[in-house]
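Colleague: The following file, upload-v9.cif, comprises mmCIF, C-alpha atoms:
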data_run
loop_
_atom_site.label_atom_id
_atom_site.label_comp_id
_atom_site.auth_asym_id
_atom_site.auth_seq_id
_atom_site.Cartn_x
_atom_site.Cartn_y
_atom_site.Cartn_z
CA MET A 1 -28.81 8.42 -34.24
CA THR A 2 -31.36 6.94 -31.89
CA SER A 3 -33.05 8.78 -29.06
CA ALA A 4 -30.92 6.77 -26.61
CA PHE A 5 -28.16 9.33 -27.21
CA HIS A 6 -30.24 12.51 -27.39
CA ASP A 7 -29.09 13.75 -23.97
CA LEU A 8 -25.45 13.32 -24.97
CA ILE A 9 -25.82 15.15 -28.27
CA ALA A 10 -27.60 18.03 -26.49
CA ALA A 11 -24.89 18.21 -23.82
CA ASN A 12 -22.23 18.24 -26.52
CA GLU A 13 -23.88 21.18 -28.22
CA ASP A 14 -23.55 23.15 -24.96
CA TYR A 15 -19.96 22.00 -24.56
CA ALA A 16 -19.00 22.93 -28.12
CA ARG A 17 -20.31 26.48 -27.68
CA SER A 18 -17.61 27.23 -25.11
CA PHE A 19 -14.94 24.78 -26.35
CA GLN A 20 -11.43 26.22 -25.91
CA ASP A 21 -9.08 23.23 -26.28
CA SER A 22 -8.65 23.33 -30.06
CA GLY A 23 -5.03 24.41 -29.67
CA LEU A 24 -3.93 21.26 -27.85
CA SER A 25 -1.57 18.94 -29.69
CA GLY A 26 -1.86 15.16 -29.66
CA ARG A 27 1.23 14.87 -27.47
CA ALA A 28 1.06 14.34 -23.70
CA ALA A 29 2.01 17.77 -22.30
CA ARG A 30 3.08 16.23 -18.96
CA SER A 31 4.74 13.22 -20.67
CA LEU A 32 2.40 10.90 -18.77
CA ALA A 33 0.27 7.87 -19.60
CA VAL A 34 -2.24 6.55 -17.07
CA VAL A 35 -3.68 3.04 -17.18
CA THR A 36 -6.82 2.91 -15.07
CA CYS A 37 -10.18 1.20 -14.78
CA MET A 38 -13.31 2.04 -16.74
CA ASP A 39 -15.15 2.58 -13.43
CA SER A 40 -17.23 5.75 -13.70
CA ARG A 41 -16.22 6.86 -10.18
CA ILE A 42 -12.70 7.59 -11.45
CA ASP A 43 -11.89 11.01 -12.92
CA PRO A 44 -8.19 10.50 -13.71
CA LEU A 45 -7.47 14.08 -14.78
CA LYS A 46 -9.06 15.65 -11.72
CA LEU A 47 -7.66 13.23 -9.13
CA LEU A 48 -4.12 13.65 -10.47
CA GLY A 49 -4.31 17.44 -10.83
CA LEU A 50 -4.14 17.27 -14.62
CA GLN A 51 -5.77 19.23 -17.44
CA PRO A 52 -6.94 18.09 -20.87
CA GLY A 53 -3.90 17.41 -23.03
CA ASP A 54 -1.60 16.57 -20.09
CA ALA A 55 -1.76 12.77 -20.30
CA LYS A 56 -2.78 9.77 -22.36
CA ILE A 57 -5.52 7.90 -20.49
CA MET A 58 -6.09 4.18 -21.13
CA ARG A 59 -9.08 2.57 -19.46
CA ASN A 60 -10.25 -1.01 -19.25
CA ALA A 61 -11.97 -3.29 -16.76
CA GLY A 62 -9.64 -3.71 -13.79
CA ALA A 63 -6.90 -1.35 -15.07
CA ARG A 64 -5.03 -4.36 -16.44
CA VAL A 65 -1.94 -4.17 -18.62
CA THR A 66 -3.19 -6.22 -21.56
CA ASP A 67 -1.55 -6.73 -24.94
CA ASP A 68 -3.59 -3.83 -26.27
CA VAL A 69 -2.41 -1.54 -23.47
CA LEU A 70 1.20 -2.47 -24.28
CA ARG A 71 0.62 -1.75 -27.98
CA THR A 72 -0.90 1.61 -27.08
CA LEU A 73 1.99 2.43 -24.74
CA VAL A 74 4.49 1.79 -27.55
CA LEU A 75 2.64 4.36 -29.67
CA ALA A 76 2.34 6.79 -26.76
CA VAL A 77 6.07 6.59 -25.97
CA TYR A 78 7.45 6.82 -29.48
CA LEU A 79 4.87 9.07 -31.13
CA LEU A 80 3.12 11.08 -28.42
CA GLY A 81 5.73 12.22 -25.92
CA VAL A 82 5.16 9.80 -23.04
CA ASP A 83 8.14 9.02 -20.79
CA ARG A 84 6.33 7.87 -17.63
CA VAL A 85 3.44 5.50 -16.97
CA LEU A 86 1.18 5.26 -13.92
CA VAL A 87 -0.91 2.10 -13.54
CA MET A 88 -3.84 2.92 -11.27
CA PRO A 89 -6.42 0.27 -10.31
CA HIS A 90 -8.90 1.13 -7.56
CA THR A 91 -10.61 -0.16 -4.45
CA ASP A 92 -14.11 -1.66 -4.64
CA CYS A 93 -13.45 -2.91 -8.20
CA ARG A 94 -15.88 -5.46 -9.63
CA MET A 95 -12.96 -7.23 -11.37
CA ALA A 96 -11.40 -7.87 -7.94
CA LYS A 97 -14.57 -9.40 -6.53
CA SER A 98 -14.92 -12.46 -8.76
CA THR A 99 -13.04 -14.87 -10.98
CA ASP A 100 -13.20 -15.10 -14.77
CA GLU A 101 -15.17 -18.33 -14.29
CA GLN A 102 -17.75 -16.60 -12.12
CA VAL A 103 -18.14 -13.77 -14.64
CA HIS A 104 -18.59 -16.28 -17.49
CA ASP A 105 -21.19 -18.16 -15.46
CA LEU A 106 -23.08 -14.99 -14.50
CA ILE A 107 -23.29 -13.73 -18.08
CA SER A 108 -24.33 -17.17 -19.32
CA GLU A 109 -27.00 -17.63 -16.65
CA GLU A 110 -28.38 -14.06 -16.74
CA TYR A 111 -28.15 -13.34 -20.47
CA GLY A 112 -27.62 -16.65 -22.25
CA VAL A 113 -24.36 -15.51 -23.82
CA ASP A 114 -21.34 -17.84 -23.86
CA THR A 115 -18.27 -15.65 -23.21
CA ARG A 116 -15.76 -18.44 -22.56
CA SER A 117 -13.63 -17.36 -25.54
CA LEU A 118 -12.90 -14.09 -23.70
CA GLU A 119 -10.38 -13.48 -20.95
CA PHE A 120 -11.69 -10.89 -18.49
CA HIS A 121 -8.44 -10.49 -16.49
CA THR A 122 -10.18 -10.57 -13.11
CA VAL A 123 -7.97 -9.83 -10.13
CA GLY A 124 -7.73 -12.18 -7.15
CA ASP A 125 -5.03 -10.12 -5.41
CA GLN A 126 -4.94 -6.47 -6.50
CA ASP A 127 -1.51 -5.72 -5.10
CA ALA A 128 0.06 -8.78 -6.74
CA ALA A 129 -1.71 -8.11 -10.06
CA LEU A 130 -0.52 -4.50 -10.05
CA ARG A 131 3.06 -5.60 -9.38
CA ARG A 132 2.86 -8.13 -12.24
CA ASP A 133 1.46 -5.48 -14.57
CA LEU A 134 4.24 -3.03 -13.64
CA THR A 135 6.83 -5.73 -14.34
CA ARG A 136 5.14 -6.48 -17.64
CA ILE A 137 5.59 -2.86 -18.76
CA ARG A 138 9.16 -2.65 -17.45
CA THR A 139 10.22 -5.80 -19.30
CA TYR A 140 8.29 -5.30 -22.54
CA PRO A 141 10.94 -5.43 -25.28
CA TYR A 142 9.42 -2.63 -27.36
CA LEU A 143 9.47 -0.07 -24.54
CA PRO A 144 12.65 1.76 -23.52
CA GLU A 145 14.41 0.89 -20.26
CA ARG A 146 14.42 4.60 -19.33
CA LEU A 147 10.60 4.62 -19.14
CA ALA A 148 9.50 5.56 -15.60
CA VAL A 149 6.81 3.10 -14.45
CA GLY A 150 4.84 3.43 -11.22
CA GLY A 151 1.71 2.08 -9.62
CA ALA A 152 -0.86 3.24 -7.10
CA ILE A 153 -4.27 2.02 -6.00
CA TYR A 154 -6.95 4.71 -5.98
CA ASP A 155 -9.37 4.60 -3.05
CA VAL A 156 -12.81 5.41 -4.46
CA HIS A 157 -14.13 6.20 -0.97
CA SER A 158 -11.46 8.67 0.18
CA GLY A 159 -10.10 9.96 -3.14
CA LYS A 160 -6.54 9.10 -2.07
CA LEU A 161 -3.84 7.29 -3.98
CA MET A 162 -1.92 4.50 -2.26
CA PRO A 163 1.44 4.12 -4.05
CA VAL A 164 2.84 0.62 -4.50
CA ASP A 165 6.60 0.37 -4.00
CA MET A 166 8.61 -1.95 -6.14
#
Would you encode the structure as structure tokens?
Modeller:
Amino acid sequence: MTSAFHDLIAANEDYARSFQDSGLSGRAARSLAVVTCMDSRIDPLKLLGLQPGDAKIMRNAGARVTDDVLRTLVLAVYLLGVDRVLVMPHTDCRMAKSTDEQVHDLISEEYGVDTRSLEFHTVGDQDAALRRDLTRIRTYPYLPERLAVGGAIYDVHSGKLMPVDM
């Protein structure tokens, strides 16, 4: 492994010396899945009062419910004990500040890489996108109707959740 990861390997050695979570199962102890953004300001376990093993955490740019998130939710529900899903985008999200076209243009201009075959799922209206994503989960034919689905926007400046009613 290259020196670019030396700090991480060293930190893991410290972590492993006091590791105590080996008894956790692969199931979600609190029957929860959380779909949130990859933004490094978000600590989903801490902000929701959870511990390791309590929830399945899915992260992607913009906290979007993509086909892969739906596939993962099917596995989480039927194999890993999930019976409720929280979709949690956040304020000050880069994906809510530009369009797919602008992101393609920026990457092309800055780095010379043509990304037009990718869909970035940028968000023009966070509230509307969250509501669409919640509906997408609720109506997905492979997920049970009994699945509890909720949404909230996390404020990265105050630490508060703002629930979205549907």
Colleague: Considering all atoms listed in the file, state which residue in the set A:Met88, A:Tyr142, A:Arg132, A:Met95 is at the smallest distance from A:Met162.
Modeller: A:Met88
Colleague: Please determine, counting only C-alpha atoms, which residue among A:Val85, A:Leu130, A:Val77, A:Leu47 has the shortest atom-to-atom distance to A:Leu161.
Modeller: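 Ranking A:Val85, A:Leu130, A:Val77, A:Leu47 by distance to A:Leu161, first place goes to A:Leu47.
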Colleague: I'd like to see the residues matched by the PyMOL selection byres ((chain A and resi 62-66) around 6) on this file, and ideally I'd get them as a list in words.
Modeller: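 Given this file, the PyMOL selection byres ((chain A and resi 62-66) around 6) evaluates to Val35, Thr36, Cys37, Asn60, Ala61, Asp67, Asp68, Val69, Pro89, Met95 and Asp133 of chain A.
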Colleague: For each of A:Asp14, A:Ala128, A:Ser25, A:Leu147, take the minimum atom-to-atom distance to A:Asp165, counting only C-alpha atoms, then give the residue where this is smallest.
Modeller: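 Nearest to A:Asp165: A:Ala128.
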Colleague: Applied to this file, what does the PyMOL selection byres ((chain A and resi 78-84) around 6) return in terms of residues, put as a ChimeraX atom specification?
Modeller: /A:27-28,31-32,75-77,85,147-149
Colleague: For A:Ala152, which residue out of A:His121, A:Gln126, A:Leu70, A:Arg136 is the nearest one, using only C-alpha atoms?
Modeller: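 Closest to A:Ala152 of all the choices is A:Gln126.
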Colleague: Show me the residues close to (-13.2, -12.4, -20.8) - anything with an atom within 10 Å, counting all atoms listed in the file - and format the list as a list in words.
Modeller: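 Every polymer residue passing the test: Asp100, Glu101, Val103, His104, Thr115, Arg116, Ser117, Leu118, Glu119, Phe120, His121 and Thr122 of chain A.
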Colleague: Taking C-alpha atoms for each residue, export the selection above as a JSON list (two decimals), in the frame of the given file.
Modeller:
[["chain", "number", "residue", "atom", "x", "y", "z"],
["A", 100, "ASP", "CA", -13.20, -15.10, -14.77],
["A", 101, "GLU", "CA", -15.17, -18.33, -14.29],
["A", 103, "VAL", "CA", -18.14, -13.77, -14.64],
["A", 104, "HIS", "CA", -18.59, -16.28, -17.49],
["A", 115, "THR", "CA", -18.27, -15.65, -23.21],
["A", 116, "ARG", "CA", -15.76, -18.44, -22.56],
["A", 117, "SER", "CA", -13.63, -17.36, -25.54],
["A", 118, "LEU", "CA", -12.90, -14.09, -23.70],
["A", 119, "GLU", "CA", -10.38, -13.48, -20.95],
["A", 120, "PHE", "CA", -11.69, -10.89, -18.49],
["A", 121, "HIS", "CA", -8.44, -10.49, -16.49],
["A", 122, "THR", "CA", -10.18, -10.57, -13.11]]
Colleague: When you draw a straight line from atom CA of A:Leu86 to atom CA of A:Gly151, how long is it in Å?
Modeller: 5.4 Å
Colleague: Provide the atom CA of A:Val34 to atom CA of A:Ala55 distance in Å, to one decimal place.
Modeller: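 The value is 7.0 Å.
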